[in-house]
file structure12.tsv (TSV, C-alpha atoms)
chain	number	residue	atom	x	y	z
A	1	MET	CA	104.79	103.35	85.63
A	2	ARG	CA	106.72	104.97	88.40
A	3	LEU	CA	105.65	104.16	91.93
A	4	SER	CA	104.38	107.35	93.62
A	5	ALA	CA	104.62	108.31	97.28
A	6	ALA	CA	100.82	108.04	97.46
A	7	ARG	CA	100.83	104.46	96.12
A	8	VAL	CA	103.57	103.41	98.53
A	9	ALA	CA	101.66	104.98	101.45
A	10	ALA	CA	98.63	102.88	100.52
A	11	ARG	CA	100.81	99.77	100.49
A	12	VAL	CA	102.31	100.64	103.90
A	13	LEU	CA	98.84	101.03	105.42
A	14	GLU	CA	97.85	97.65	103.96
A	15	ALA	CA	100.96	96.03	105.46
A	16	LEU	CA	100.26	97.54	108.89
A	17	GLU	CA	96.67	96.33	108.70
A	18	LYS	CA	97.95	92.79	108.10
A	19	GLY	CA	100.63	93.04	110.77
A	20	GLU	CA	103.46	92.78	108.20
A	21	ARG	CA	106.85	94.44	108.26
A	22	ILE	CA	107.56	96.67	105.26
A	23	TYR	CA	110.60	98.69	104.16
A	24	THR	CA	110.29	101.63	101.79
A	25	ALA	CA	113.07	103.45	99.95
A	26	VAL	CA	113.34	106.54	97.78
A	27	VAL	CA	116.37	108.05	96.05
A	28	VAL	CA	116.89	111.58	97.40
A	29	ASP	CA	120.20	112.35	95.71
A	30	SER	CA	122.14	110.92	92.80
A	31	ALA	CA	124.48	112.12	90.05
A	32	ASP	CA	121.88	110.72	87.65
A	33	ARG	CA	119.14	113.27	88.37
A	34	SER	CA	116.49	111.08	86.72
A	35	MET	CA	116.78	108.61	89.61
A	36	ILE	CA	115.78	111.18	92.25
A	37	GLY	CA	112.30	110.35	93.51
A	38	ARG	CA	112.36	106.71	92.28
A	39	ARG	CA	111.01	104.40	94.95
A	40	TRP	CA	110.71	100.82	95.97
A	41	TRP	CA	109.23	98.71	98.77
A	42	LEU	CA	110.06	95.33	100.25
A	43	SER	CA	107.86	93.19	102.49
A	44	GLY	CA	108.87	89.60	103.20
A	45	ARG	CA	109.99	88.35	99.81
A	46	ARG	CA	107.73	90.64	97.83
A	47	ASN	CA	108.91	93.92	96.41
A	48	ARG	CA	107.68	96.44	93.89
A	49	GLY	CA	109.14	99.45	92.12
A	50	THR	CA	112.77	100.31	91.50
A	51	LEU	CA	115.28	102.92	92.62
A	52	GLY	CA	116.32	103.24	89.00
A	53	SER	CA	119.05	100.60	88.98
A	54	PRO	CA	118.78	96.86	89.73
A	55	ALA	CA	122.23	97.00	91.35
A	56	LEU	CA	121.09	99.75	93.72
A	57	ASP	CA	117.85	97.87	94.51
A	58	ALA	CA	119.94	94.82	95.41
A	59	ALA	CA	122.38	96.83	97.57
A	60	VAL	CA	119.52	98.39	99.53
A	61	ALA	CA	117.67	95.08	99.95
A	62	ALA	CA	120.86	93.50	101.32
A	63	ALA	CA	121.39	96.34	103.80
A	64	VAL	CA	117.94	96.71	105.35
A	65	PRO	CA	118.17	93.89	107.92
A	66	SER	CA	121.29	95.43	109.47
A	67	LEU	CA	120.03	99.03	109.23
A	68	PHE	CA	116.83	98.10	111.07
A	69	PRO	CA	117.43	95.49	113.81
A	70	PRO	CA	114.60	92.99	114.40
A	71	ARG	CA	113.84	94.51	117.81
A	72	GLU	CA	112.80	97.79	116.17
A	73	SER	CA	109.33	98.23	114.69
A	74	ARG	CA	109.81	101.76	113.35
A	75	GLY	CA	112.69	103.57	111.73
A	76	ALA	CA	113.67	106.31	109.29
A	77	LEU	CA	117.17	107.16	108.02
A	78	SER	CA	119.21	108.21	104.99
A	79	ARG	CA	122.30	106.37	103.76
A	80	ASP	CA	124.70	106.62	100.85
A	81	PHE	CA	124.82	103.42	98.83
A	82	GLU	CA	127.62	102.55	96.48
A	83	TYR	CA	126.76	100.31	93.53
A	84	ARG	CA	128.09	99.46	90.12
A	85	ASP	CA	126.76	101.08	86.99
A	86	GLY	CA	128.51	99.09	84.27
A	87	GLU	CA	132.20	99.69	84.90
A	88	ARG	CA	131.79	102.63	87.25
A	89	ALA	CA	131.19	102.67	90.99
A	90	VAL	CA	128.53	105.29	91.73
A	91	THR	CA	126.84	106.55	94.88
A	92	ALA	CA	123.22	107.41	95.55
A	93	ARG	CA	121.65	108.79	98.69
A	94	VAL	CA	118.59	106.77	99.68
A	95	TYR	CA	116.00	107.56	102.35
A	96	LEU	CA	114.58	104.45	104.02
A	97	GLU	CA	111.69	103.77	106.33
A	98	LEU	CA	110.65	100.72	108.29
A	99	HIS	CA	107.02	100.27	109.22
A	100	GLY	CA	106.19	97.26	111.38
A	101	PRO	CA	103.46	96.16	113.70
A	102	PRO	CA	103.56	98.37	116.81
A	103	ALA	CA	105.94	97.28	119.53
A	104	ARG	CA	104.25	95.33	122.30
A	105	MET	CA	104.60	95.51	126.07
A	106	VAL	CA	103.60	92.28	127.81
A	107	ILE	CA	103.19	92.78	131.54
A	108	VAL	CA	103.11	89.54	133.52
A	109	GLY	CA	101.47	90.12	136.89
A	110	ALA	CA	98.42	92.41	137.14
A	111	GLY	CA	99.30	93.93	140.51
A	112	HIS	CA	99.71	97.57	141.49
A	113	ILE	CA	102.77	98.31	139.31
A	114	ALA	CA	101.02	96.91	136.24
A	115	ILE	CA	98.37	99.66	136.28
A	116	PRO	CA	100.64	102.71	135.73
A	117	LEU	CA	102.97	100.61	133.55
A	118	ALA	CA	100.11	99.68	131.19
A	119	ARG	CA	99.19	103.32	130.92
A	120	LEU	CA	102.77	104.38	130.15
A	121	GLY	CA	103.19	101.58	127.60
A	122	SER	CA	100.10	102.80	125.81
A	123	MET	CA	101.34	106.41	125.93
A	124	LEU	CA	104.59	105.25	124.30
A	125	GLY	CA	102.59	103.84	121.41
A	126	MET	CA	102.95	100.18	122.32
A	127	ARG	CA	100.27	97.53	122.25
A	128	VAL	CA	99.84	96.53	125.88
A	129	GLU	CA	99.02	93.03	127.04
A	130	VAL	CA	98.52	92.16	130.74
A	131	LEU	CA	98.66	88.57	131.99
A	132	ASP	CA	97.78	87.10	135.39
A	133	ASP	CA	96.28	83.87	136.71
A	134	ARG	CA	93.83	85.70	138.99
A	135	PRO	CA	90.67	86.72	137.10
A	136	GLU	CA	89.88	89.44	139.67
A	137	PHE	CA	93.23	91.11	138.83
A	138	ALA	CA	93.37	90.32	135.12
A	139	SER	CA	90.22	92.25	134.30
A	140	ALA	CA	89.63	94.79	131.54
A	141	ASP	CA	88.10	97.22	134.09
A	142	ARG	CA	91.36	97.41	135.96
A	143	PHE	CA	93.34	98.08	132.74
A	144	PRO	CA	91.47	100.53	130.52
A	145	ASP	CA	94.75	101.27	128.66
A	146	ALA	CA	95.57	97.65	127.81
A	147	ASP	CA	94.75	96.20	124.40
A	148	VAL	CA	94.57	92.65	125.80
A	149	VAL	CA	94.02	91.43	129.37
A	150	ARG	CA	94.38	87.68	129.68
A	151	VAL	CA	93.86	85.14	132.47
A	152	ILE	CA	96.68	82.65	132.17
A	153	ASP	CA	97.99	79.50	133.82
A	154	PHE	CA	101.57	79.95	135.07
A	155	ARG	CA	102.38	76.39	133.98
A	156	ASP	CA	102.28	77.79	130.41
A	157	PRO	CA	102.04	81.58	130.72
A	158	PHE	CA	102.70	82.49	127.08
A	159	ALA	CA	100.47	79.82	125.53
A	160	ALA	CA	98.25	82.44	123.89
A	161	THR	CA	100.91	85.14	123.36
A	162	ALA	CA	103.28	84.56	120.42
A	163	LEU	CA	106.45	86.43	121.37
A	164	GLY	CA	109.29	87.70	119.18
A	165	PRO	CA	112.33	90.00	119.12
A	166	SER	CA	110.31	93.24	118.95
A	167	ASP	CA	108.44	92.46	122.19
A	168	HIS	CA	109.05	93.80	125.70
A	169	VAL	CA	108.17	91.44	128.54
A	170	ILE	CA	108.12	92.76	132.09
A	171	LEU	CA	107.81	90.31	134.95
A	172	VAL	CA	106.06	91.82	137.95
A	173	THR	CA	104.21	88.83	139.34
A	174	ARG	CA	103.28	88.45	142.99
A	175	GLY	CA	105.78	85.73	143.70
A	176	HIS	CA	109.26	85.09	142.59
A	177	SER	CA	108.58	81.49	141.68
A	178	PHE	CA	106.14	82.76	139.05
A	179	ASP	CA	108.71	85.21	137.68
A	180	TYR	CA	111.21	82.37	137.57
A	181	GLU	CA	108.90	80.04	135.63
A	182	CYS	CA	108.29	82.78	133.07
A	183	LEU	CA	111.98	83.57	132.80
A	184	VAL	CA	112.96	79.96	132.08
A	185	ARG	CA	110.41	79.79	129.28
A	186	LEU	CA	111.49	83.13	127.80
A	187	LEU	CA	115.19	82.20	127.81
A	188	ARG	CA	114.46	78.88	126.09
A	189	MET	CA	112.56	80.51	123.23
A	190	GLU	CA	114.12	80.28	119.80
A	191	ALA	CA	113.48	84.00	119.12
A	192	PRO	CA	113.12	85.48	122.61
A	193	PRO	CA	111.72	88.96	123.28
A	194	GLY	CA	114.31	91.69	122.72
A	195	TYR	CA	113.57	93.22	126.09
A	196	ILE	CA	113.06	91.00	129.15
A	197	GLY	CA	112.81	92.77	132.50
A	198	MET	CA	112.17	91.40	135.96
A	199	ILE	CA	111.47	93.41	139.04
A	200	GLY	CA	113.12	92.54	142.33
A	201	SER	CA	115.49	93.38	145.11
A	202	ARG	CA	119.17	92.59	144.69
A	203	ARG	CA	118.73	89.54	146.91
A	204	ARG	CA	115.78	88.23	144.96
A	205	VAL	CA	117.52	88.80	141.62
A	206	ARG	CA	120.60	86.99	142.90
A	207	ALA	CA	118.51	84.03	144.06
A	208	THR	CA	116.88	83.85	140.65
A	209	HIS	CA	120.24	83.87	138.87
A	210	GLU	CA	121.59	81.16	141.18
A	211	GLN	CA	118.64	79.00	140.31
A	212	LEU	CA	119.10	79.70	136.58
A	213	ALA	CA	122.75	78.68	136.89
A	214	ARG	CA	121.74	75.40	138.57
A	215	GLU	CA	119.39	74.77	135.64
A	216	GLY	CA	122.34	75.12	133.28
A	217	PHE	CA	121.79	78.63	131.96
A	218	THR	CA	124.98	80.53	131.09
A	219	THR	CA	125.95	84.00	132.30
A	220	GLU	CA	125.24	85.13	128.74
A	221	ASP	CA	121.64	83.92	129.09
A	222	MET	CA	121.35	85.72	132.42
A	223	GLY	CA	122.78	88.87	130.86
A	224	ARG	CA	119.76	89.01	128.57
A	225	VAL	CA	117.50	89.63	131.55
A	226	ARG	CA	117.20	93.18	132.85
A	227	ALA	CA	116.90	92.50	136.55
A	228	PRO	CA	116.27	94.54	138.55
A	229	VAL	CA	114.35	96.22	135.74
A	230	GLY	CA	114.26	100.02	135.37
A	231	LEU	CA	116.53	103.03	135.74
A	232	ASP	CA	117.85	104.18	139.09
A	233	LEU	CA	115.57	107.15	139.72
A	234	GLY	CA	115.16	106.53	143.43
A	235	GLY	CA	111.35	106.35	143.23
A	236	GLN	CA	109.30	104.10	145.47
A	237	THR	CA	105.62	104.23	144.55
A	238	PRO	CA	104.11	102.01	141.83
A	239	ALA	CA	103.83	105.01	139.50
A	240	GLU	CA	107.46	106.00	140.11
A	241	ILE	CA	108.65	102.44	139.50
A	242	ALA	CA	106.57	102.22	136.32
A	243	VAL	CA	108.18	105.46	135.08
A	244	SER	CA	111.65	104.03	135.73
A	245	VAL	CA	110.78	100.90	133.69
A	246	ALA	CA	109.25	102.95	130.85
A	247	ALA	CA	112.34	105.18	130.88
A	248	GLU	CA	114.61	102.15	130.51
A	249	ILE	CA	112.57	100.97	127.52
A	250	ILE	CA	112.99	104.37	125.86
A	251	LEU	CA	116.73	104.22	126.58
A	252	PHE	CA	116.87	100.68	125.12
A	253	HIS	CA	115.54	101.92	121.77
A	254	ALA	CA	116.79	105.48	121.61
A	255	GLY	CA	120.26	104.75	122.95
A	256	GLY	CA	120.73	107.73	125.26
A	257	THR	CA	122.97	107.77	128.29
A	258	GLY	CA	120.25	107.85	130.95
A	259	MET	CA	122.06	110.80	132.56
A	260	PRO	CA	120.35	114.05	133.55
A	261	LEU	CA	120.80	116.27	130.48
A	262	VAL	CA	122.06	119.12	132.64
A	263	GLU	CA	125.03	116.93	133.65
A	264	LYS	CA	125.60	115.59	130.18
A	265	GLU	CA	125.49	118.96	128.41
A	266	ARG	CA	127.00	121.13	131.18
A	267	VAL	CA	126.02	124.26	129.23
A	268	VAL	CA	126.73	126.68	132.06
A	269	GLU	CA	130.13	125.17	132.83
A	270	ARG	CA	131.18	124.90	129.17
A	271	PHE	CA	130.08	128.29	127.92
A	272	PHE	CA	129.99	130.47	130.99
A	273	GLY	CA	132.64	128.57	132.94
A	274	GLY	CA	135.18	131.06	134.26
A	275	GLU	CA	137.12	129.46	137.12
A	276	GLY	CA	137.79	125.77	136.89
A	277	ALA	CA	136.13	125.33	133.49
B	278	MET	CA	97.29	114.87	113.21
B	279	ASP	CA	99.50	111.87	113.89
B	280	GLU	CA	101.90	110.11	111.55
B	281	LYS	CA	99.42	107.44	110.54
B	282	GLU	CA	96.70	109.97	109.72
B	283	VAL	CA	99.09	111.89	107.44
B	284	MET	CA	99.94	108.57	105.78
B	285	ALA	CA	96.25	107.76	105.29
B	286	LEU	CA	95.63	111.17	103.76
B	287	LEU	CA	98.67	110.77	101.50
B	288	ALA	CA	97.30	107.43	100.28
B	289	SER	CA	93.88	108.88	99.47
B	290	LEU	CA	94.58	112.38	98.09
B	291	GLU	CA	92.30	113.56	95.34
B	292	GLU	CA	94.11	116.82	94.58
B	293	PRO	CA	97.71	117.33	93.44
B	294	ALA	CA	100.01	117.69	96.44
B	295	VAL	CA	103.67	117.93	97.31
B	296	LEU	CA	105.06	115.62	99.96
B	297	ALA	CA	107.81	117.00	102.23
B	298	THR	CA	109.75	114.48	104.33
B	299	ILE	CA	112.57	115.14	106.79
B	300	VAL	CA	115.14	112.67	105.46
B	301	SER	CA	117.90	113.63	107.86
B	302	ALA	CA	118.31	115.97	110.81
B	303	LYS	CA	121.24	117.04	112.92
B	304	GLY	CA	121.23	118.89	116.21
B	305	SER	CA	118.11	120.37	117.78
B	306	THR	CA	115.24	120.30	115.32
B	307	PRO	CA	111.58	120.45	116.34
B	308	ARG	CA	110.69	117.37	114.29
B	309	LYS	CA	112.88	114.37	113.57
B	310	THR	CA	113.76	112.26	110.55
B	311	GLY	CA	110.60	110.71	109.12
B	312	ALA	CA	108.27	113.64	109.85
B	313	ARG	CA	106.02	114.43	106.90
B	314	MET	CA	103.95	117.30	105.58
B	315	LEU	CA	101.54	117.53	102.64
B	316	ILE	CA	101.33	120.80	100.76
B	317	GLY	CA	98.63	121.73	98.27
B	318	ARG	CA	98.58	124.61	95.79
B	319	ASP	CA	97.02	126.80	98.46
B	320	GLY	CA	99.21	125.81	101.37
B	321	VAL	CA	99.67	123.10	103.97
B	322	ILE	CA	97.11	120.29	103.90
B	323	ALA	CA	98.39	118.17	106.78
B	324	GLY	CA	101.35	117.32	108.99
B	325	THR	CA	104.36	119.42	109.88
B	326	VAL	CA	108.12	119.42	109.45
B	327	GLY	CA	108.71	121.84	112.29
B	328	GLY	CA	106.29	124.73	112.35
B	329	GLY	CA	107.97	128.13	112.75
B	330	CYS	CA	111.36	126.47	112.53
B	331	GLY	CA	112.04	126.47	108.79
B	332	GLU	CA	108.68	125.28	107.57
B	333	GLY	CA	108.09	128.44	105.54
B	334	GLU	CA	111.17	127.73	103.40
B	335	VAL	CA	109.85	124.28	102.60
B	336	ILE	CA	106.39	125.56	101.68
B	337	THR	CA	107.92	128.17	99.37
B	338	ALA	CA	110.17	125.60	97.70
B	339	ALA	CA	107.21	123.26	97.23
B	340	GLN	CA	105.51	125.77	94.92
B	341	ASP	CA	108.23	125.06	92.35
B	342	LEU	CA	107.04	121.48	92.03
B	343	PHE	CA	103.57	122.65	91.08
B	344	ASP	CA	105.25	124.62	88.28
B	345	GLY	CA	107.06	121.56	86.95
B	346	GLY	CA	110.22	121.69	89.06
B	347	PRO	CA	112.06	118.43	89.83
B	348	PRO	CA	112.05	116.66	93.21
B	349	THR	CA	114.78	118.09	95.39
B	350	THR	CA	116.19	118.38	98.89
B	351	VAL	CA	115.73	121.60	100.83
B	352	ARG	CA	118.41	122.17	103.39
B	353	VAL	CA	116.94	124.03	106.34
B	354	ASP	CA	119.55	125.63	108.57
B	355	LEU	CA	118.16	126.66	111.93
B	356	THR	CA	121.50	127.65	113.40
B	357	ASP	CA	121.78	131.11	111.79
B	358	ASP	CA	120.07	133.44	114.20
B	359	PHE	CA	121.03	131.51	117.27
B	360	THR	CA	121.23	134.54	119.50
B	361	SER	CA	117.88	136.04	118.55
B	362	TRP	CA	114.70	135.28	120.46
B	363	SER	CA	112.71	134.46	117.34
B	364	PRO	CA	110.73	131.23	117.36
B	365	ALA	CA	113.02	129.93	114.58
B	366	VAL	CA	115.92	129.42	116.97
B	367	CYS	CA	116.24	125.67	117.21
B	368	GLY	CA	119.93	125.10	116.61
B	369	GLY	CA	119.79	122.25	114.09
B	370	ILE	CA	120.03	121.52	110.40
B	371	MET	CA	117.62	119.34	108.49
B	372	ASN	CA	117.28	118.04	104.98
B	373	VAL	CA	113.71	117.97	103.70
B	374	PHE	CA	113.00	116.03	100.52
B	375	ILE	CA	110.15	117.45	98.45
B	376	GLU	CA	108.45	115.65	95.58
B	377	ARG	CA	105.08	115.33	93.90
B	378	ALA	CA	103.06	113.00	96.11
B	379	ASN	CA	100.74	111.89	93.33
B	380	PRO	CA	102.24	112.82	89.93
B	381	ASP	CA	99.27	111.27	88.11
B	382	LEU	CA	96.99	114.03	89.47
B	383	PHE	CA	99.16	116.85	88.13
B	384	GLY	CA	97.70	118.04	84.86
B	385	ASP	CA	101.06	118.32	83.09
B	386	VAL	CA	102.04	114.63	83.14

call {"tool": "encode", "arguments": {"input": "structure12.tsv", "output": "structure tokens"}}
result
Amino acid sequence: MRLSAARVAARVLEALEKGERIYTAVVVDSADRSMIGRRWWLSGRRNRGTLGSPALDAAVAAAVPSLFPPRESRGALSRDFEYRDGERAVTARVYLELHGPPARMVIVGAGHIAIPLARLGSMLGMRVEVLDDRPEFASADRFPDADVVRVIDFRDPFAATALGPSDHVILVTRGHSFDYECLVRLLRMEAPPGYIGMIGSRRRVRATHEQLAREGFTTEDMGRVRAPVGLDLGGQTPAEIAVSVAAEIILFHAGGTGMPLVEKERVVERFFGGEGA
Amino acid sequence: MDEKEVMALLASLEEPAVLATIVSAKGSTPRKTGARMLIGRDGVIAGTVGGGCGEGEVITAAQDLFDGGPPTTVRVDLTDDFTSWSPAVCGGIMNVFIERANPDLFGDV
């Protein structure tokens, strides 16, 4: 029996419930009209359904890891796939979706920046986790928007938080030695978080990098750390700084320029330009 | 209704419905690739593929699937009346795939 959209939706919800990553595909255009609407899903090594041709199923399965990088937890796109049907090379247009566990924002340091940042992370649809070694700061009352608030020991800050490529870790601890300890652990992970940010002045960031270099980290390792974290908005208050960090996370995934749109688009200049345009 | 709620409804429908999905979008469209809408015989059940901007075309085309029409892609061009002040001025083009969400509930299968 053909796999219906309703059946696949039920399977996606089940995968999300279990915290699994699942890809779904449906043929939206093909010279062989009977293939249109055929669908298939893949989760781990399990898959069900068919796009109407084993060769097409295989081509799509091979392409999904590169179409949806590990750091992404959501995605939707259409692609043309070429595959062999006997002797002929044929093309089909396939619409693909990725559904994964929601992206996570792990904020280390439960100080004044953490409060608006936790709220923004939650607004962006992320699971928010706040870590600090001070129970009076790492309290659920202080972070109504966080999914998890954890009291940790900085000697092993991520002991209870399994991190991976789809995670965002933002270091905003009260002291730069704490940030440094976290950073060393993050950079030594086999599959480090895709987004690692650390707050700090230029001087403090430089001191951290000098210490990393002394420990044998390469410039490539250092390049994986966004420090100072955030976009240059010029803001000063905790809320303004949190917005600049959240904005950088959006940029990281959505791939914009970070420019004011009015400067990027220059609508007035381009279409109503007159002199000098 | 958010994306997950539309998905939950899609998974648990008890009436025949047509699923409309934006499978690609170019330019300024109100909703992006991946947005979904469920349409019943009597109109929209849940979700949106853009409201005033082209949604009517999709709803009209969906009726065909209740009458036995094949799954197809509706190309919605929102660039036509760019200079008018109608709410349909968005400036983009989107492809919306429509299909029977639950073919087993259609009486003709």

call {"tool": "interface_residues", "arguments": {"input": "structure12.tsv", "of": "chain B", "to": "chain A", "cutoff": "12 Å", "atoms": "all atoms listed in the file", "output": "number ranges by chain"}}
result
B: 279-303, 309-313, 315, 347-351, 371-382, 386

call {"tool": "closest_residue", "arguments": {"input": "structure12.tsv", "among": "A:Pro102, A:Gly200, A:Pro228, A:Gly52", "to": "Ser177 (chain A)", "atoms": "all atoms listed in the file"}}
result
A:Gly200

call {"tool": "atom_distance", "arguments": {"input": "structure12.tsv", "atom1": "CA of Val172 (chain A)", "atom2": "CA of Thr237 (chain A)"}}
result
14.1 Å

call {"tool": "residues_around", "arguments": {"input": "structure12.tsv", "residues": "Pro238 (chain A)", "least_positions_apart": "2", "cutoff": "8 Å", "atoms": "all atoms listed in the file", "output": "PDB file with C-alpha atoms, keeping the file's coordinate frame"}}
result
ATOM      1  CA  HIS A 112      99.710  97.570 141.490  1.00  0.00           C
ATOM      2  CA  ILE A 113     102.770  98.310 139.310  1.00  0.00           C
ATOM      3  CA  PRO A 116     100.640 102.710 135.730  1.00  0.00           C
ATOM      4  CA  GLN A 236     109.300 104.100 145.470  1.00  0.00           C
ATOM      5  CA  GLU A 240     107.460 106.000 140.110  1.00  0.00           C
ATOM      6  CA  ILE A 241     108.650 102.440 139.500  1.00  0.00           C
ATOM      7  CA  ALA A 242     106.570 102.220 136.320  1.00  0.00           C
TER       8      ALA A 242
END

call {"tool": "residues_around", "arguments": {"input": "structure12.tsv", "residues": "Arg185 (chain A)", "least_positions_apart": "5", "cutoff": "10 Å", "atoms": "all atoms listed in the file", "output": "list in words"}}
result
Arg155, Asp156, Pro157, Phe158, Tyr180 and Pro192 of chain A

call {"tool": "closest_residue", "arguments": {"input": "structure12.tsv", "among": "A:Ala160, A:Val64, A:Val245, A:Leu233", "to": "Pro260 (chain A)", "atoms": "only C-alpha atoms"}}
result
A:Leu233

call {"tool": "atom_distance", "arguments": {"input": "structure12.tsv", "atom1": "CA of Pro101 (chain A)", "atom2": "CA of Ser166 (chain A)"}}
result
9.1 Å

call {"tool": "decode", "arguments": {"input": "structure12.tsv", "residues": "region 227-238 of chain A", "atoms": "N, CA and C atoms", "output": "mmCIF file, in the first residue's frame"}}
result
data_model
loop_
_atom_site.group_PDB
_atom_site.id
_atom_site.type_symbol
_atom_site.label_atom_id
_atom_site.label_comp_id
_atom_site.auth_asym_id
_atom_site.auth_seq_id
_atom_site.Cartn_x
_atom_site.Cartn_y
_atom_site.Cartn_z
ATOM 1 N N ALA A 227 33.948 34.604 19.474
ATOM 2 C CA ALA A 227 34.286 35.455 20.613
ATOM 3 C C ALA A 227 34.941 36.726 20.099
ATOM 4 N N PRO A 228 34.465 37.890 20.450
ATOM 5 C CA PRO A 228 33.258 38.114 21.257
ATOM 6 C C PRO A 228 32.000 37.674 20.485
ATOM 7 N N VAL A 229 31.070 37.084 21.234
ATOM 8 C CA VAL A 229 29.847 36.578 20.621
ATOM 9 C C VAL A 229 28.903 37.744 20.288
ATOM 10 N N GLY A 230 28.087 37.559 19.258
ATOM 11 C CA GLY A 230 27.038 38.544 18.937
ATOM 12 C C GLY A 230 27.351 39.405 17.730
ATOM 13 N N LEU A 231 26.335 40.112 17.256
ATOM 14 C CA LEU A 231 26.518 41.054 16.157
ATOM 15 C C LEU A 231 26.830 42.436 16.721
ATOM 16 N N ASP A 232 27.472 43.240 15.922
ATOM 17 C CA ASP A 232 27.824 44.598 16.340
ATOM 18 C C ASP A 232 26.613 45.518 16.177
ATOM 19 N N LEU A 233 25.787 45.570 17.211
ATOM 20 C CA LEU A 233 24.609 46.444 17.167
ATOM 21 C C LEU A 233 24.860 47.729 17.956
ATOM 22 N N GLY A 234 25.887 47.713 18.772
ATOM 23 C CA GLY A 234 26.184 48.889 19.591
ATOM 24 C C GLY A 234 25.453 48.928 20.917
ATOM 25 N N GLY A 235 24.644 47.926 21.208
ATOM 26 C CA GLY A 235 23.875 47.912 22.460
ATOM 27 C C GLY A 235 24.752 47.670 23.674
ATOM 28 N N GLN A 236 24.215 48.050 24.840
ATOM 29 C CA GLN A 236 24.995 47.942 26.073
ATOM 30 C C GLN A 236 24.294 47.148 27.171
ATOM 31 N N THR A 237 22.982 47.241 27.242
ATOM 32 C CA THR A 237 22.275 46.615 28.364
ATOM 33 C C THR A 237 22.233 45.097 28.166
ATOM 34 N N PRO A 238 21.949 44.341 29.230
ATOM 35 C CA PRO A 238 21.836 42.882 29.082
ATOM 36 C C PRO A 238 20.854 42.483 27.981
#
